[in-house]
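Structure record follows, encoded as structure tokens.
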Amino acid sequence: GAGVSQSPSNKVTEKGKDVELRCDPISGHTALYWYRQSLGQGLEFLIYFQGNSAPDKSGLPSDRFSAERTGGSVSTLTIQRTQQEDSAVYLCASSSGPSAGKLFFGSGTQLSVL
Amino acid sequence: KQEVTQIPAALSVPEGENLVLNCSFTDSAIYNLQWFRQDPGKGLTSLLLIQSSQREQTSGRLNASLDKSSGRSTLYIAASQPGDSATYLCAVRPANDYKLSFGAGTTVTVRA
């Protein structure tokens, strides 16, 4: 596609429910990143994919968070048993490869856990 | 661990004034540095990317400089316009890693 697409743009859920956030990167981009942006805080790295592999999962906050990428394209970030502190904007970015410089970000998913 | 600091946190200027945004980082072993713009409720848009071997990059009214040895980058925006109002973020990619470390951003308001 023309840009990085994320869905849904907004998600309101109840505490304890599971949520899935989707990222569709720019076609042909092999590197994909998930970041989290909480109110008043900077961007927090969550996970990086090169192709379908995730060499760096160090940023996932807990074992309630998981992510996968299939076909070297779409990625899904899953949060199980959501907590109120999970409320944030989840941003996805892609680049043409691990050595590429420029990152292209999607518009994010605003997650609100009530 | 790379720490990225942006000063000031917020800036308000009259239209036409030049903007100077500062970014400092603690580890000079970087691969590149990017400046992003973020509008409220939106994602990030890459403005300028400076490779570690470069000293500056320019695009239109924007100019970014990099002094790796002192751990500093500056984003200059000439002749500011109300449409430049946004949050500007600096991000550093380490030489031996893929993940970017972001500053907290500078929120700019340009008054008409």
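Ordering of the structure tokens sets the chain letters (A, B, ...); residue numbers start at 1 within each chain; ligands are numbered from 1 in the order shown.
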
Practice task
Considering only C-alpha atoms, extract the chain A residues located within 7 Å of chain B and return them as number ranges by chain.
Solution key: A: 41-43, 98, 102-108

Quick one: write out the picked residues with N, CA, C and O atoms as a PDB file, in the first residue's frame?
```pdb
ATOM      1  N   GLN A  41       4.440  10.611  27.765  1.00  0.00           N
ATOM      2  CA  GLN A  41       5.717   9.892  27.752  1.00  0.00           C
ATOM      3  C   GLN A  41       6.221   9.742  26.327  1.00  0.00           C
ATOM      4  O   GLN A  41       5.486   9.936  25.364  1.00  0.00           O
ATOM      5  N   GLY A  42       7.460   9.396  26.225  1.00  0.00           N
ATOM      6  CA  GLY A  42       8.057   9.189  24.916  1.00  0.00           C
ATOM      7  C   GLY A  42       7.661   7.851  24.329  1.00  0.00           C
ATOM      8  O   GLY A  42       6.895   7.092  24.912  1.00  0.00           O
ATOM      9  N   LEU A  43       8.187   7.571  23.153  1.00  0.00           N
ATOM     10  CA  LEU A  43       7.891   6.304  22.499  1.00  0.00           C
ATOM     11  C   LEU A  43       8.709   5.177  23.120  1.00  0.00           C
ATOM     12  O   LEU A  43       9.912   5.307  23.317  1.00  0.00           O
ATOM     13  N   PRO A  98      16.856  -3.843   7.344  1.00  0.00           N
ATOM     14  CA  PRO A  98      17.526  -3.532   8.609  1.00  0.00           C
ATOM     15  C   PRO A  98      18.593  -2.459   8.470  1.00  0.00           C
ATOM     16  O   PRO A  98      18.910  -1.775   9.443  1.00  0.00           O
ATOM     17  N   LYS A 102      15.267   5.297   6.931  1.00  0.00           N
ATOM     18  CA  LYS A 102      14.015   5.974   7.211  1.00  0.00           C
ATOM     19  C   LYS A 102      12.926   5.007   7.665  1.00  0.00           C
ATOM     20  O   LYS A 102      12.724   3.961   7.054  1.00  0.00           O
ATOM     21  N   LEU A 103      12.248   5.399   8.745  1.00  0.00           N
ATOM     22  CA  LEU A 103      11.096   4.648   9.224  1.00  0.00           C
ATOM     23  C   LEU A 103       9.832   5.362   8.814  1.00  0.00           C
ATOM     24  O   LEU A 103       9.742   6.591   8.891  1.00  0.00           O
ATOM     25  N   PHE A 104       8.847   4.585   8.403  1.00  0.00           N
ATOM     26  CA  PHE A 104       7.547   5.121   8.038  1.00  0.00           C
ATOM     27  C   PHE A 104       6.540   4.596   9.055  1.00  0.00           C
ATOM     28  O   PHE A 104       6.410   3.383   9.244  1.00  0.00           O
ATOM     29  N   PHE A 105       5.840   5.530   9.705  1.00  0.00           N
ATOM     30  CA  PHE A 105       4.905   5.165  10.764  1.00  0.00           C
ATOM     31  C   PHE A 105       3.464   5.178  10.280  1.00  0.00           C
ATOM     32  O   PHE A 105       3.092   5.975   9.406  1.00  0.00           O
ATOM     33  N   GLY A 106       2.666   4.309  10.876  1.00  0.00           N
ATOM     34  CA  GLY A 106       1.224   4.377  10.714  1.00  0.00           C
ATOM     35  C   GLY A 106       0.648   5.413  11.666  1.00  0.00           C
ATOM     36  O   GLY A 106       1.374   6.025  12.459  1.00  0.00           O
ATOM     37  N   SER A 107      -0.665   5.595  11.580  1.00  0.00           N
ATOM     38  CA  SER A 107      -1.342   6.592  12.413  1.00  0.00           C
ATOM     39  C   SER A 107      -1.624   6.098  13.828  1.00  0.00           C
ATOM     40  O   SER A 107      -2.051   6.883  14.679  1.00  0.00           O
ATOM     41  N   GLY A 108      -1.406   4.796  14.051  1.00  0.00           N
ATOM     42  CA  GLY A 108      -1.544   4.287  15.405  1.00  0.00           C
ATOM     43  C   GLY A 108      -2.924   3.765  15.743  1.00  0.00           C
ATOM     44  O   GLY A 108      -3.913   4.060  15.068  1.00  0.00           O
TER      45      GLY A 108
END
```

Practice task
Pick out the residues sitting within 6 Å of region 66-81 of chain A, and hand them over as a PyMOL selection string; count only C-alpha atoms, and ignore anything fewer than 3 positions along from it in its own chain.
Solution key: chain A and resi 16-24+51-52

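When CA of Gln57 (chain B) is paired with CA of Gly71 (chain B), their separation reads 16.5 Å.
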
Handout entry: Distance in Å - CA of Thr5 (chain B) versus CA of Asn18 (chain B)
Key = 21.1 Å

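Pairwise distance (CA of Asp86 (chain A), CA of Trp35 (chain B)) equals 26.8 Å.
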
Residues near Ala54 (chain A), cut-off 10 Å, only C-alpha atoms, skip fewer than 4 positions along chain, as a compact mmCIF listing (two decimals) with N, CA, C and O atoms, in the first residue's frame:
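Wrote it out as result.txt, contents follow:
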```txt
# COMPACT_ATOMS: atom_id res chain seq x y z
N ALA A 31 11.42 -4.81 7.31
CA ALA A 31 11.57 -4.52 8.74
C ALA A 31 10.29 -3.88 9.27
O ALA A 31 9.71 -2.99 8.63
N LEU A 32 9.86 -4.35 10.44
CA LEU A 32 8.62 -3.84 11.04
C LEU A 32 8.82 -3.67 12.53
O LEU A 32 9.43 -4.53 13.18
N TYR A 33 8.34 -2.56 13.06
CA TYR A 33 8.52 -2.22 14.47
C TYR A 33 7.16 -1.91 15.10
O TYR A 33 6.29 -1.33 14.46
N ILE A 47 8.76 -4.31 19.96
CA ILE A 47 9.27 -5.48 19.26
C ILE A 47 9.67 -5.09 17.84
O ILE A 47 9.13 -4.13 17.28
N TYR A 48 10.62 -5.84 17.29
CA TYR A 48 11.13 -5.62 15.94
C TYR A 48 11.06 -6.93 15.18
O TYR A 48 11.42 -7.98 15.70
N PHE A 49 10.60 -6.88 13.93
CA PHE A 49 10.58 -8.03 13.03
C PHE A 49 11.48 -7.75 11.83
O PHE A 49 11.45 -6.67 11.26
N GLN A 50 12.25 -8.77 11.45
CA GLN A 50 12.93 -8.75 10.17
C GLN A 50 12.35 -9.94 9.40
O GLN A 50 12.59 -11.10 9.78
N SER A 58 12.72 -7.67 23.27
CA SER A 58 13.10 -7.21 24.60
C SER A 58 12.17 -6.16 25.18
O SER A 58 12.11 -5.97 26.39
N ALA A 67 3.37 -10.88 19.69
CA ALA A 67 3.22 -10.36 18.33
C ALA A 67 3.67 -11.41 17.35
O ALA A 67 4.55 -12.22 17.64
N GLU A 68 3.06 -11.37 16.19
CA GLU A 68 3.49 -12.25 15.12
C GLU A 68 3.40 -11.51 13.80
O GLU A 68 2.71 -10.49 13.67
N ARG A 69 4.13 -12.06 12.85
CA ARG A 69 4.10 -11.50 11.50
C ARG A 69 4.09 -12.67 10.54
O ARG A 69 4.86 -13.62 10.68
```

Practice task
If you run DSSP over the backbone, which residues in region 37-108 of chain A end up strand (DSSP E)? Put them as a ChimeraX atom specification.
Solution key: /A:37,43-50,53-56,65-69,75-79,88-95,104-105

I need the residues from that last selection saved to file as a compact mmCIF listing (two decimals), in the first residue's frame (with C-alpha atoms), if you can.
```
# COMPACT_ATOMS: atom_id res chain seq x y z
CA GLN A 37 3.26 5.97 23.24
CA LEU A 43 7.89 6.30 22.50
CA GLU A 44 8.64 2.93 24.04
CA PHE A 45 10.04 0.16 21.83
CA LEU A 46 8.07 -3.09 21.97
CA ILE A 47 9.27 -5.48 19.26
CA TYR A 48 11.13 -5.62 15.94
CA PHE A 49 10.58 -8.03 13.03
CA GLN A 50 12.93 -8.75 10.17
CA SER A 53 11.37 -13.38 12.60
CA ALA A 54 11.49 -11.31 15.75
CA PRO A 55 15.17 -11.10 16.75
CA ASP A 56 14.36 -8.52 19.40
CA PHE A 65 1.95 -9.16 25.12
CA SER A 66 2.76 -11.14 21.99
CA ALA A 67 3.22 -10.36 18.33
CA GLU A 68 3.49 -12.25 15.12
CA ARG A 69 4.10 -11.50 11.50
CA SER A 75 1.73 -8.07 11.83
CA THR A 76 -0.61 -8.54 14.77
CA LEU A 77 0.09 -7.35 18.30
CA THR A 78 -2.02 -9.21 20.87
CA ILE A 79 -2.57 -8.09 24.43
CA ALA A 88 -1.80 4.02 25.10
CA VAL A 89 -1.31 4.65 21.41
CA TYR A 90 0.29 1.67 19.70
CA LEU A 91 2.34 2.69 16.69
CA CYS A 92 3.67 0.49 13.93
CA ALA A 93 6.52 1.44 11.60
CA SER A 94 8.25 -0.21 8.67
CA SER A 95 11.42 0.27 6.69
CA PHE A 104 7.55 5.12 8.04
CA PHE A 105 4.90 5.17 10.76
```
